[in-house]
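Undergrad: First, the structure itself, so that you have it in front of you.
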Amino acid sequence: MNEIAQTTEQTQVTEPETGTPSTTDSIHFDIFTLFPEMFAGPLSESIIKRARERGLLSVALHNIRDYTTDRHHVCDDTPYGGGGGMVMKPEPIFRAVETALTRPPGWTLPPEDAYVNLPPWDAETPATLPVDTPIILMTTQGRRLTQSVVAELSQFRRLALICGRYEGVDERVRTQLVTDEISIGDYVLSGGELAAMVIIDAVTRLIPGALGYELSAHQDSHAPGLDGLLEGPHYTRPYAFRGEIAPEVLLSGHHANVDRWRREQALLRTLARRPALLERIDLSQKDQAFLRQHGWSPRGE
Ligand code: ADE
């Protein structure tokens, strides 16, 4: 079966051996977008590619435009009340989401059915959607994506992401269809597609078995393994490069010293770059003493 399922003819993505999710820890994403081709590269490389090949991740791309029935396949319209920009119309989004989410994960509209042979849908009657599938609108107005939000999302087996474009989406999509809204940061993208890819990537890293070296997900900056500290510096060969040498402790073979050095470097880096993070972290007495030597004092002291 076509795993990066495409509803229109554009994108050819090399298909992995395995199709639908096969293990209990697998996650399925339904992506609703006007630009499904944008996803081809990120879904076909590196960790995400391998997770798909292993059946840990599957992604169905639904082209919202396929769900229009008018002659020109219009998905946007001018805003009521005037003003600049265009607004995404509600019906194609509702139709796409309600059609896909009332079908099994992995289902996509056959390309030849786009526009002309859509499954029956009632604009007036809300579909009964699965309660355990969040329907997330990618928008600058959403809650900010953090590692703990990523961890929360990774607990679901199926997620739907709606990628907004233009000035925004009709408010009825917010009030009647979506269950969550997420922003990947305080800057404006041309649409939600890149934000959706960020979510797929970050969530995939948390699927057991998706990373070659399982521990590395826990040692990333912001991940639980480092207690929310930023990671310290990394070195590899050569020992000396442009006059700068690798720290001797890393070559000492003394694991306890290496661990302590890494912890201290993580504390220093966090103090220098994101001091507010230190307030949220459970610091040991030893950590606190070390930080105080470097000019830190807990808020309120
Ligand atoms: N759409 C446009 N900008 C966005 C952002 N920063 N996060 C999520 N969706 C967006």
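Going by the structure tokens order, chains are called A, B, ..., each with residues numbered from 1, while ligands are numbered from 1 in the order shown.
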Which residues are near A:Arg144? Cut-off 12 Å, only C-alpha atoms, ignore same chain within fewer than 6 positions. Put them as a PyMOL selection string.

TA: chain A and resi 138+150+180-187+195+199

Undergrad: Please report as JSON lines every residue of chain A lying within 12 Å of ligand 1, along with the nearest atom pair and their distance in Å (one decimal), using only C-alpha atoms and all ligand atoms.

TA:
```
{"residue": "A:Thr33", "atom": "CA", "partner": "ligand 1", "partner_atom_place_in_ligand_line": "1 (N)", "distance": 11.9}
{"residue": "A:Ile136", "atom": "CA", "partner": "ligand 1", "partner_atom_place_in_ligand_line": "9 (N)", "distance": 10.2}
{"residue": "A:Leu137", "atom": "CA", "partner": "ligand 1", "partner_atom_place_in_ligand_line": "9 (N)", "distance": 7.7}
{"residue": "A:Met138", "atom": "CA", "partner": "ligand 1", "partner_atom_place_in_ligand_line": "9 (N)", "distance": 4.0}
{"residue": "A:Thr139", "atom": "CA", "partner": "ligand 1", "partner_atom_place_in_ligand_line": "9 (N)", "distance": 3.6}
{"residue": "A:Thr140", "atom": "CA", "partner": "ligand 1", "partner_atom_place_in_ligand_line": "5 (C)", "distance": 4.3}
{"residue": "A:Gln141", "atom": "CA", "partner": "ligand 1", "partner_atom_place_in_ligand_line": "7 (N)", "distance": 7.8}
{"residue": "A:Gly142", "atom": "CA", "partner": "ligand 1", "partner_atom_place_in_ligand_line": "8 (C)", "distance": 7.2}
{"residue": "A:Arg143", "atom": "CA", "partner": "ligand 1", "partner_atom_place_in_ligand_line": "7 (N)", "distance": 9.2}
{"residue": "A:Arg144", "atom": "CA", "partner": "ligand 1", "partner_atom_place_in_ligand_line": "7 (N)", "distance": 8.1}
{"residue": "A:Leu145", "atom": "CA", "partner": "ligand 1", "partner_atom_place_in_ligand_line": "7 (N)", "distance": 8.4}
{"residue": "A:Thr146", "atom": "CA", "partner": "ligand 1", "partner_atom_place_in_ligand_line": "7 (N)", "distance": 12.0}
{"residue": "A:Leu161", "atom": "CA", "partner": "ligand 1", "partner_atom_place_in_ligand_line": "9 (N)", "distance": 10.3}
{"residue": "A:Ile162", "atom": "CA", "partner": "ligand 1", "partner_atom_place_in_ligand_line": "9 (N)", "distance": 9.4}
{"residue": "A:Cys163", "atom": "CA", "partner": "ligand 1", "partner_atom_place_in_ligand_line": "9 (N)", "distance": 7.3}
{"residue": "A:Gly164", "atom": "CA", "partner": "ligand 1", "partner_atom_place_in_ligand_line": "1 (N)", "distance": 6.4}
{"residue": "A:Arg165", "atom": "CA", "partner": "ligand 1", "partner_atom_place_in_ligand_line": "1 (N)", "distance": 7.3}
{"residue": "A:Tyr166", "atom": "CA", "partner": "ligand 1", "partner_atom_place_in_ligand_line": "2 (C)", "distance": 9.1}
{"residue": "A:Glu167", "atom": "CA", "partner": "ligand 1", "partner_atom_place_in_ligand_line": "2 (C)", "distance": 9.2}
{"residue": "A:Gly168", "atom": "CA", "partner": "ligand 1", "partner_atom_place_in_ligand_line": "1 (N)", "distance": 8.7}
{"residue": "A:Val169", "atom": "CA", "partner": "ligand 1", "partner_atom_place_in_ligand_line": "1 (N)", "distance": 10.8}
{"residue": "A:Asp180", "atom": "CA", "partner": "ligand 1", "partner_atom_place_in_ligand_line": "8 (C)", "distance": 11.8}
{"residue": "A:Glu181", "atom": "CA", "partner": "ligand 1", "partner_atom_place_in_ligand_line": "8 (C)", "distance": 8.4}
{"residue": "A:Ile182", "atom": "CA", "partner": "ligand 1", "partner_atom_place_in_ligand_line": "8 (C)", "distance": 5.9}
{"residue": "A:Ser183", "atom": "CA", "partner": "ligand 1", "partner_atom_place_in_ligand_line": "7 (N)", "distance": 3.5}
{"residue": "A:Ile184", "atom": "CA", "partner": "ligand 1", "partner_atom_place_in_ligand_line": "7 (N)", "distance": 4.1}
{"residue": "A:Gly185", "atom": "CA", "partner": "ligand 1", "partner_atom_place_in_ligand_line": "6 (N)", "distance": 4.7}
{"residue": "A:Asp186", "atom": "CA", "partner": "ligand 1", "partner_atom_place_in_ligand_line": "6 (N)", "distance": 5.6}
{"residue": "A:Tyr187", "atom": "CA", "partner": "ligand 1", "partner_atom_place_in_ligand_line": "6 (N)", "distance": 4.9}
{"residue": "A:Val188", "atom": "CA", "partner": "ligand 1", "partner_atom_place_in_ligand_line": "3 (N)", "distance": 4.0}
{"residue": "A:Leu189", "atom": "CA", "partner": "ligand 1", "partner_atom_place_in_ligand_line": "3 (N)", "distance": 3.7}
{"residue": "A:Ser190", "atom": "CA", "partner": "ligand 1", "partner_atom_place_in_ligand_line": "2 (C)", "distance": 5.6}
{"residue": "A:Gly191", "atom": "CA", "partner": "ligand 1", "partner_atom_place_in_ligand_line": "1 (N)", "distance": 4.5}
{"residue": "A:Gly192", "atom": "CA", "partner": "ligand 1", "partner_atom_place_in_ligand_line": "1 (N)", "distance": 4.1}
{"residue": "A:Glu193", "atom": "CA", "partner": "ligand 1", "partner_atom_place_in_ligand_line": "9 (N)", "distance": 7.5}
{"residue": "A:Leu194", "atom": "CA", "partner": "ligand 1", "partner_atom_place_in_ligand_line": "9 (N)", "distance": 7.7}
{"residue": "A:Ala195", "atom": "CA", "partner": "ligand 1", "partner_atom_place_in_ligand_line": "8 (C)", "distance": 5.0}
{"residue": "A:Ala196", "atom": "CA", "partner": "ligand 1", "partner_atom_place_in_ligand_line": "8 (C)", "distance": 7.5}
{"residue": "A:Met197", "atom": "CA", "partner": "ligand 1", "partner_atom_place_in_ligand_line": "8 (C)", "distance": 10.2}
{"residue": "A:Val198", "atom": "CA", "partner": "ligand 1", "partner_atom_place_in_ligand_line": "8 (C)", "distance": 9.4}
{"residue": "A:Ile199", "atom": "CA", "partner": "ligand 1", "partner_atom_place_in_ligand_line": "8 (C)", "distance": 9.7}
```

Undergrad: Mind checking DSSP for stretch 70-226 of chain A and telling me the strand (DSSP E or B) residues as a list of chain:residue names?

TA: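 Output for stretch 70-226 of chain A, strand (DSSP E or B) only: A:Asp76, A:Asp77, A:Val87, A:Met88, A:Ile135, A:Ile136, A:Leu137, A:Met138, A:Thr139, A:Thr140, A:Gln141, A:Gly142, A:Arg143, A:Arg144, A:Arg158, A:Leu159, A:Ala160, A:Leu161, A:Ile162, A:Cys163, A:Gly168, A:Val169, A:Asp180, A:Glu181, A:Ile182, A:Ser183.
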
Undergrad: Write out as a list in words the residues lying within 8 Å of stretch 93-97 of chain A, counting only C-alpha atoms and excluding same-chain residues fewer than 3 positions away.

TA: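 Residues near the query, excluding close chain neighbours: Phe32, His62, Asn63, Ile64, Tyr67, Lys89, Pro90, Ala100, Leu101, Trp121, Ala123, Val173 and Leu177 of chain A.
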
Undergrad: Find the residues around A:Met88 up to 6 Å (only C-alpha atoms counted), leave out those fewer than 3 positions away in its own chain, and share them as a list in words.

TA: Cys75, Asp76, Val169 and Asp170 of chain A

Undergrad: If you count only C-alpha atoms, which residues fall within 12 Å of A:Arg71, apart from same-chain ones fewer than 6 positions away, as a list in words?

TA: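 These residues fall inside the cut-off: Arg65, Tyr115 and Val116 of chain A.
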
Undergrad: For the residues in the current selection, export N, CA and C atoms as a PDB file, in the first residue's frame.

TA:
```
ATOM      1  N   ARG A  65      -7.684  20.508  -1.453  1.00  0.00           N
ATOM      2  CA  ARG A  65      -8.309  20.921  -2.718  1.00  0.00           C
ATOM      3  C   ARG A  65      -9.094  19.777  -3.380  1.00  0.00           C
ATOM      4  N   TYR A 115     -12.339  15.478  -6.503  1.00  0.00           N
ATOM      5  CA  TYR A 115     -13.371  16.411  -7.003  1.00  0.00           C
ATOM      6  C   TYR A 115     -14.656  15.708  -7.465  1.00  0.00           C
ATOM      7  N   VAL A 116     -14.517  14.597  -8.157  1.00  0.00           N
ATOM      8  CA  VAL A 116     -15.648  14.058  -8.921  1.00  0.00           C
ATOM      9  C   VAL A 116     -16.360  12.897  -8.261  1.00  0.00           C
TER      10      VAL A 116
END
```

Undergrad: Which residue gives the smallest distance to A:Asp122 among A:Thr99, A:Tyr80, A:Gly106, A:Leu277, with only C-alpha atoms counted?

TA: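 Once distances to A:Asp122 are computed over only C-alpha atoms, the minimum belongs to A:Thr99.
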
Undergrad: For A:Ala210, work out the shell of residues within 7 Å, counting only C-alpha atoms and skipping chain neighbours fewer than 6 positions away, then give it as a list in words.

TA: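 My reading of the contact set: Ile47, Ala51, Leu56 and Thr204 of chain A.
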
Undergrad: Between A:Gly81, A:Leu34, A:Leu267, A:Ser26, which one has atoms that come closest to A:Leu206, using only C-alpha atoms?

TA: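 Closest candidate: A:Ser26.
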
Undergrad: Could you give me, as a PyMOL selection string, the residues within 12 Å of A:Glu264, counting only C-alpha atoms and dropping anything in the same chain fewer than 2 positions from it?

TA: chain A and resi 226+229-233+257-262+266-271+283-284+286-294

Undergrad: Stretch 116-234 of chain A: which residues are alpha helix (DSSP H) by DSSP, as a ChimeraX atom specification?

TA: /A:147-153,171-176,193-204,215-219

Undergrad: Selected residues, N, CA and C atoms, written as a short mmCIF file (atom, residue, chain, number, x, y, z; two decimals), in the first residue's frame, please.

TA:
```cif
data_model
loop_
_atom_site.label_atom_id
_atom_site.label_comp_id
_atom_site.auth_asym_id
_atom_site.auth_seq_id
_atom_site.Cartn_x
_atom_site.Cartn_y
_atom_site.Cartn_z
N GLN A 147 9.24 20.52 24.17
CA GLN A 147 9.51 19.09 24.25
C GLN A 147 8.42 18.38 25.05
N SER A 148 7.85 19.03 26.05
CA SER A 148 6.80 18.33 26.80
C SER A 148 5.52 18.22 25.98
N VAL A 149 5.24 19.19 25.12
CA VAL A 149 4.09 19.05 24.21
C VAL A 149 4.36 17.91 23.22
N VAL A 150 5.59 17.83 22.74
CA VAL A 150 5.96 16.74 21.82
C VAL A 150 5.74 15.39 22.51
N ALA A 151 6.18 15.29 23.77
CA ALA A 151 6.00 14.03 24.52
C ALA A 151 4.52 13.70 24.68
N GLU A 152 3.74 14.72 24.94
CA GLU A 152 2.28 14.54 25.07
C GLU A 152 1.70 13.99 23.74
N LEU A 153 2.09 14.60 22.63
CA LEU A 153 1.57 14.16 21.32
C LEU A 153 2.00 12.73 21.01
N GLU A 171 -13.19 30.78 11.03
CA GLU A 171 -13.24 30.55 12.47
C GLU A 171 -14.02 29.28 12.84
N ARG A 172 -14.98 28.85 11.99
CA ARG A 172 -15.77 27.65 12.31
C ARG A 172 -14.89 26.40 12.36
N VAL A 173 -13.74 26.44 11.65
CA VAL A 173 -12.79 25.30 11.74
C VAL A 173 -12.28 25.20 13.18
N ARG A 174 -12.00 26.37 13.76
CA ARG A 174 -11.55 26.40 15.16
C ARG A 174 -12.64 25.97 16.13
N THR A 175 -13.81 26.53 15.93
CA THR A 175 -14.85 26.33 16.94
C THR A 175 -15.49 24.94 16.86
N GLN A 176 -15.48 24.31 15.68
CA GLN A 176 -16.24 23.07 15.54
C GLN A 176 -15.44 21.85 15.11
N GLU A 193 2.60 24.01 6.87
CA GLU A 193 3.26 22.78 6.42
C GLU A 193 4.59 22.55 7.13
N LEU A 194 5.44 23.58 7.16
CA LEU A 194 6.74 23.39 7.82
C LEU A 194 6.56 23.09 9.30
N ALA A 195 5.58 23.72 9.91
CA ALA A 195 5.30 23.46 11.32
C ALA A 195 4.86 22.01 11.52
N ALA A 196 4.03 21.51 10.61
CA ALA A 196 3.59 20.11 10.71
C ALA A 196 4.78 19.17 10.58
N MET A 197 5.72 19.50 9.69
CA MET A 197 6.91 18.65 9.53
C MET A 197 7.75 18.65 10.80
N VAL A 198 7.81 19.79 11.45
CA VAL A 198 8.55 19.87 12.72
C VAL A 198 7.91 18.92 13.74
N ILE A 199 6.60 18.92 13.80
CA ILE A 199 5.92 18.04 14.75
C ILE A 199 6.17 16.57 14.41
N ILE A 200 6.05 16.22 13.13
CA ILE A 200 6.30 14.83 12.74
C ILE A 200 7.71 14.42 13.14
N ASP A 201 8.67 15.27 12.87
CA ASP A 201 10.06 14.94 13.18
C ASP A 201 10.26 14.76 14.68
N ALA A 202 9.80 15.74 15.45
CA ALA A 202 10.05 15.70 16.90
C ALA A 202 9.33 14.52 17.55
N VAL A 203 8.12 14.22 17.09
CA VAL A 203 7.36 13.10 17.66
C VAL A 203 8.01 11.77 17.27
N THR A 204 8.45 11.67 16.02
CA THR A 204 9.05 10.41 15.56
C THR A 204 10.25 10.03 16.41
N LEU A 215 19.42 5.97 23.41
CA LEU A 215 19.76 6.91 24.47
C LEU A 215 19.81 8.34 23.96
N SER A 216 20.15 8.51 22.68
CA SER A 216 20.41 9.87 22.24
C SER A 216 19.18 10.78 22.34
N ALA A 217 17.98 10.20 22.25
CA ALA A 217 16.79 11.05 22.41
C ALA A 217 16.76 11.63 23.81
N HIS A 218 17.30 10.87 24.77
CA HIS A 218 17.25 11.33 26.15
C HIS A 218 18.34 12.33 26.46
N GLN A 219 19.36 12.40 25.62
CA GLN A 219 20.46 13.31 25.92
C GLN A 219 20.36 14.62 25.15
#
```

Undergrad: Quick check, in Å to one decimal: how far apart do atom CA of A:Ser252 and atom CA of A:Asp227 lie?

TA: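 Distance between the two atoms: 25.4 Å.
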
Undergrad: Work out how far apart atom CA of A:Pro134 and atom CA of A:Thr69 are and give it in Å to one decimal.

TA: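 Separating atom CA of A:Pro134 from atom CA of A:Thr69 is a distance of 26.7 Å.
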